[in-house]
Amino acid sequence: MNIIANQVLILGLITLVGYLAFVLKAVNKDINQALVRVIMKVTLPLLLFTTFANIETDGKTLINGLVIFVFGAFTVFVFYVLSSCSGRILKLDKQNKALHKAHTMFGNVVFLGFPLMDALIPGGKGLLYAAFFQLGQAVLLWTWGIVLMSKASDSSSKHSWRYLFNLNTLAFALGFLFYFSGIKLPFVINKAFSGIGHTTIYLSMVYVGAVLAQVKLISLIKNFRSYFLSFNKLLLGPAILAGILYALQFAGFQWMDTDAIVVIVLQAGMPSMIIVSVIARELGLNDFQATQNIFVTTILSLGTLPLLYYLLINIF
């Protein structure tokens, strides 16, 4: 509980800085839009590239990692089905339906998931498994996710596929190439690029805080859509995955260790992805709704993540 609370508190404090920066007029709408461009064109590509280029594995861990990679992608499909059903129930319009799906499908598996998995499963194993899960999601985020959101954008619906070809997709592909080829970046270059890349979390949360400063608190509390999304994202989806993993073990498939199972379910149960709101802003979608999704799911995850972990260690 303390580990999870600390990570959420860190994100909350960075968001508060962004909130105060907007209130004190150190940040305005134009600066916030510039932050989006810096994140999408500089810091996030470097984060993706250095994360995957620096992954190191042994034989057994690689096998578990590949299984986690598959489940990372499979999780996206599970959440797509759930969000499609809830989107129809809520009768959302085109833009809100796309955001509802994207924020259900893709979780905060890097900024909250990486440090949390590293703390729960120390020694680098938890972080490595978390990276494989994120890799499985990233493949679909920068392909299916981009197309899904861009089709909902009035200004870009006829050219959705061109959004696949961006710096983030290129960085992702290059990181993949470095990983499989075994090529290592020189220390100085890796240190510089990795450092810049890891500013993505801070810039993203400052952006989220500045957007929240423009939203009335009462609209957050009354936003039923975010609560519906939270149920799918934080409880129902992870429970379905835990049930599938338990059924596989019961059937005799013992190829995964318990740590891998914990990473899959907890990563699936992470709150909505911060970068989705940045992409929404870039595509001209409703970034207020996107920010509300992040806020509500992150707060509620403070209770759901310890619950999931407690259930996992008792079941598996």
# chains A, B, ... in the order shown; residues from 1 in each chain; ligands from 1

$ residues_around --residues "Ile3 (chain A)" --least-positions-apart "4" --cutoff "8 Å" --atoms "only C-alpha atoms" --output "PDB file with C-alpha atoms, in the first residue's frame"
ATOM      1  CA  GLN A   7       3.987   6.564  -6.584  1.00  0.00           C
ATOM      2  CA  LEU A 116       5.693   0.172  -8.908  1.00  0.00           C
ATOM      3  CA  ALA A 119       9.520  -1.752  -5.999  1.00  0.00           C
ATOM      4  CA  LEU A 120       7.258  -4.806  -5.628  1.00  0.00           C
TER       5      LEU A 120
END

$ residues_around --residues "region 234-249 of chain A" --least-positions-apart "6" --cutoff "10 Å" --atoms "only C-alpha atoms" --output "VMD selection string"
chain A and resid 71 74 to 76 78 to 83 104 to 105 107 255 to 256 261 to 262 264 to 272 297 to 298 300 to 301 303 to 305 307 to 308 311 to 312 315 to 316

$ write_last_selection --atoms "C-alpha atoms" --output "PDB file, in the first residue's frame"
ATOM      1  CA  PHE A  71      -0.599 -10.817 -22.763  1.00  0.00           C
ATOM      2  CA  PHE A  74      -4.094  -9.409 -25.526  1.00  0.00           C
ATOM      3  CA  THR A  75      -5.053  -7.081 -22.656  1.00  0.00           C
ATOM      4  CA  VAL A  76      -5.694  -4.305 -25.168  1.00  0.00           C
ATOM      5  CA  VAL A  78      -9.971  -7.435 -23.759  1.00  0.00           C
ATOM      6  CA  PHE A  79     -10.323  -3.773 -22.832  1.00  0.00           C
ATOM      7  CA  TYR A  80     -11.476  -2.891 -26.345  1.00  0.00           C
ATOM      8  CA  VAL A  81     -14.395  -5.300 -26.023  1.00  0.00           C
ATOM      9  CA  LEU A  82     -15.303  -3.951 -22.562  1.00  0.00           C
ATOM     10  CA  SER A  83     -15.059  -0.302 -23.654  1.00  0.00           C
ATOM     11  CA  THR A 104      -9.654   1.892 -21.282  1.00  0.00           C
ATOM     12  CA  MET A 105      -7.325   0.046 -23.637  1.00  0.00           C
ATOM     13  CA  GLY A 107      -2.902   2.215 -19.057  1.00  0.00           C
ATOM     14  CA  TRP A 255       5.315 -21.958 -17.963  1.00  0.00           C
ATOM     15  CA  MET A 256       4.952 -18.666 -16.073  1.00  0.00           C
ATOM     16  CA  ILE A 261       1.398 -13.182 -13.385  1.00  0.00           C
ATOM     17  CA  VAL A 262       1.530 -10.340 -10.848  1.00  0.00           C
ATOM     18  CA  ILE A 264       0.414  -8.885 -16.098  1.00  0.00           C
ATOM     19  CA  VAL A 265      -2.595  -8.309 -13.828  1.00  0.00           C
ATOM     20  CA  LEU A 266      -1.273  -5.208 -12.043  1.00  0.00           C
ATOM     21  CA  GLN A 267      -0.091  -3.599 -15.285  1.00  0.00           C
ATOM     22  CA  ALA A 268      -3.515  -4.302 -16.773  1.00  0.00           C
ATOM     23  CA  GLY A 269      -5.073  -2.579 -13.748  1.00  0.00           C
ATOM     24  CA  MET A 270      -3.094   0.659 -14.072  1.00  0.00           C
ATOM     25  CA  PRO A 271      -5.034   3.927 -14.402  1.00  0.00           C
ATOM     26  CA  SER A 272      -5.546   5.588 -17.775  1.00  0.00           C
ATOM     27  CA  THR A 297      -8.750   6.504 -12.530  1.00  0.00           C
ATOM     28  CA  THR A 298      -5.489   7.521 -10.810  1.00  0.00           C
ATOM     29  CA  LEU A 300      -9.356   5.256  -7.558  1.00  0.00           C
ATOM     30  CA  SER A 301      -6.311   3.094  -8.359  1.00  0.00           C
ATOM     31  CA  GLY A 303      -7.558   1.497  -3.603  1.00  0.00           C
ATOM     32  CA  THR A 304      -7.873  -0.968  -6.476  1.00  0.00           C
ATOM     33  CA  LEU A 305      -4.161  -1.761  -7.000  1.00  0.00           C
ATOM     34  CA  LEU A 307      -6.828  -4.961  -3.670  1.00  0.00           C
ATOM     35  CA  LEU A 308      -5.635  -6.661  -6.875  1.00  0.00           C
ATOM     36  CA  LEU A 311      -6.069 -11.127  -4.316  1.00  0.00           C
ATOM     37  CA  LEU A 312      -3.168 -12.237  -6.509  1.00  0.00           C
ATOM     38  CA  ILE A 315      -4.822 -16.959  -5.369  1.00  0.00           C
ATOM     39  CA  PHE A 316      -1.440 -17.721  -6.950  1.00  0.00           C
TER      40      PHE A 316
END

$ select_by_dssp --residues "region 164-272 of chain A" --states "alpha helix (DSSP H)" --output "ChimeraX atom specification"
/A:167-181,187-197,200-212,217-221,224-230,237-250,258-268

$ write_last_selection --atoms "C-alpha atoms" --output "compact mmCIF listing (two decimals), in the first residue's frame"
# COMPACT_ATOMS: atom_id res chain seq x y z
CA LEU A 167 8.79 10.24 -34.48
CA ASN A 168 7.37 7.96 -31.79
CA THR A 169 6.76 5.13 -34.24
CA LEU A 170 10.29 5.59 -35.61
CA ALA A 171 11.79 5.64 -32.09
CA PHE A 172 9.85 2.51 -31.19
CA ALA A 173 11.13 0.70 -34.31
CA LEU A 174 14.74 1.78 -33.72
CA GLY A 175 14.57 0.64 -30.08
CA PHE A 176 13.30 -2.74 -31.29
CA LEU A 177 16.19 -2.93 -33.77
CA PHE A 178 18.79 -2.17 -31.09
CA TYR A 179 17.22 -4.72 -28.74
CA PHE A 180 17.25 -7.63 -31.19
CA SER A 181 20.62 -6.76 -32.74
CA PHE A 187 27.42 5.60 -22.38
CA VAL A 188 27.43 9.36 -22.97
CA ILE A 189 24.72 9.22 -25.65
CA ASN A 190 22.58 6.81 -23.64
CA LYS A 191 22.86 8.95 -20.50
CA ALA A 192 21.88 12.12 -22.35
CA PHE A 193 19.01 10.62 -24.36
CA SER A 194 17.65 8.61 -21.42
CA GLY A 195 17.74 11.67 -19.16
CA ILE A 196 15.80 13.76 -21.65
CA GLY A 197 13.35 10.93 -22.24
CA THR A 200 8.32 13.00 -20.23
CA ILE A 201 6.58 12.11 -16.96
CA TYR A 202 7.22 15.53 -15.45
CA LEU A 203 6.22 17.50 -18.54
CA SER A 204 3.14 15.32 -19.06
CA MET A 205 1.92 15.77 -15.48
CA VAL A 206 2.57 19.52 -15.62
CA TYR A 207 0.43 19.55 -18.76
CA VAL A 208 -2.31 17.53 -17.02
CA GLY A 209 -2.22 19.89 -14.03
CA ALA A 210 -2.57 22.95 -16.26
CA VAL A 211 -5.56 21.38 -18.03
CA LEU A 212 -7.15 20.46 -14.67
CA LEU A 217 -14.15 20.41 -9.68
CA ILE A 218 -17.87 19.70 -9.70
CA SER A 219 -17.63 18.46 -13.31
CA LEU A 220 -14.98 15.94 -12.21
CA ILE A 221 -17.17 14.62 -9.41
CA PHE A 224 -20.18 9.38 -14.66
CA ARG A 225 -18.30 8.35 -17.81
CA SER A 226 -14.98 8.31 -15.96
CA TYR A 227 -16.40 6.13 -13.17
CA PHE A 228 -17.76 3.66 -15.70
CA LEU A 229 -14.36 3.61 -17.41
CA SER A 230 -12.66 3.12 -14.03
CA GLY A 237 -10.58 -6.20 -16.99
CA PRO A 238 -7.83 -7.26 -14.53
CA ALA A 239 -10.26 -9.75 -12.92
CA ILE A 240 -10.94 -11.34 -16.32
CA LEU A 241 -7.21 -11.65 -17.01
CA ALA A 242 -6.56 -13.13 -13.55
CA GLY A 243 -9.31 -15.67 -14.24
CA ILE A 244 -7.76 -16.63 -17.60
CA LEU A 245 -4.29 -17.02 -16.03
CA TYR A 246 -5.71 -19.10 -13.19
CA ALA A 247 -7.57 -21.34 -15.64
CA LEU A 248 -4.36 -21.86 -17.65
CA GLN A 249 -2.43 -22.85 -14.53
CA PHE A 250 -5.26 -25.14 -13.41
CA THR A 258 4.18 -15.94 -10.11
CA ASP A 259 6.06 -12.67 -10.63
CA ALA A 260 5.06 -12.67 -14.31
CA ILE A 261 1.40 -13.18 -13.39
CA VAL A 262 1.53 -10.34 -10.85
CA VAL A 263 3.03 -8.00 -13.45
CA ILE A 264 0.41 -8.88 -16.10
CA VAL A 265 -2.60 -8.31 -13.83
CA LEU A 266 -1.27 -5.21 -12.04
CA GLN A 267 -0.09 -3.60 -15.28
CA ALA A 268 -3.52 -4.30 -16.77

$ closest_residue --among "A:Met117, A:Leu135, A:Met149, A:Leu9" --to "Ala280 (chain A)" --atoms "only C-alpha atoms"
A:Met149

$ atom_distance --atom1 "CA of Asn54 (chain A)" --atom2 "CA of Val42 (chain A)"
18.5 Å

$ residues_around --residues "Glu282 (chain A)" --least-positions-apart "3" --cutoff "8 Å" --atoms "only C-alpha atoms" --output "list of chain:residue names"
A:Val36, A:Arg37, A:Val278, A:Ile279, A:Leu285

$ write_last_selection --atoms "N, CA and C atoms" --output "short mmCIF file (atom, residue, chain, number, x, y, z; two decimals), in the first residue's frame"
data_model
loop_
_atom_site.label_atom_id
_atom_site.label_comp_id
_atom_site.auth_asym_id
_atom_site.auth_seq_id
_atom_site.Cartn_x
_atom_site.Cartn_y
_atom_site.Cartn_z
N VAL A 36 2.92 20.04 -25.37
CA VAL A 36 2.47 18.88 -26.13
C VAL A 36 3.45 18.58 -27.27
N ARG A 37 3.86 19.62 -27.97
CA ARG A 37 4.79 19.42 -29.09
C ARG A 37 6.15 18.92 -28.62
N VAL A 278 -2.32 13.63 -24.19
CA VAL A 278 -1.43 14.46 -25.01
C VAL A 278 -1.72 14.22 -26.49
N ILE A 279 -1.90 12.95 -26.87
CA ILE A 279 -2.25 12.62 -28.25
C ILE A 279 -3.61 13.23 -28.61
N LEU A 285 -8.88 16.45 -30.12
CA LEU A 285 -10.00 15.81 -29.43
C LEU A 285 -10.26 16.50 -28.09
#

$ residues_around --residues "Ala98 (chain A)" --least-positions-apart "2" --cutoff "7 Å" --atoms "only C-alpha atoms" --output "compact mmCIF listing (two decimals) with N, CA and C atoms, in the first residue's frame"
# COMPACT_ATOMS: atom_id res chain seq x y z
N LYS A 94 -18.92 10.45 -31.12
CA LYS A 94 -17.74 9.89 -31.79
C LYS A 94 -16.44 10.18 -31.05
N GLN A 95 -16.23 11.42 -30.65
CA GLN A 95 -14.98 11.79 -29.99
C GLN A 95 -14.86 11.15 -28.61
N ASN A 96 -15.92 11.26 -27.82
CA ASN A 96 -15.86 10.71 -26.46
C ASN A 96 -15.79 9.18 -26.47
N HIS A 100 -12.91 7.17 -24.72
CA HIS A 100 -13.34 6.15 -23.76
C HIS A 100 -12.65 4.82 -24.07
N LYS A 101 -12.58 4.47 -25.33
CA LYS A 101 -11.93 3.22 -25.72
C LYS A 101 -10.42 3.29 -25.49
N ALA A 102 -9.80 4.38 -25.94
CA ALA A 102 -8.34 4.50 -25.83
C ALA A 102 -7.88 4.51 -24.38
N LEU A 148 -7.46 4.74 -34.17
CA LEU A 148 -8.74 4.83 -33.46
C LEU A 148 -9.06 6.27 -33.08
N MET A 149 -8.07 6.98 -32.53
CA MET A 149 -8.31 8.36 -32.09
C MET A 149 -8.35 9.34 -33.25
N ALA A 152 -11.58 9.75 -35.06
CA ALA A 152 -12.61 10.51 -34.35
C ALA A 152 -12.37 12.01 -34.43
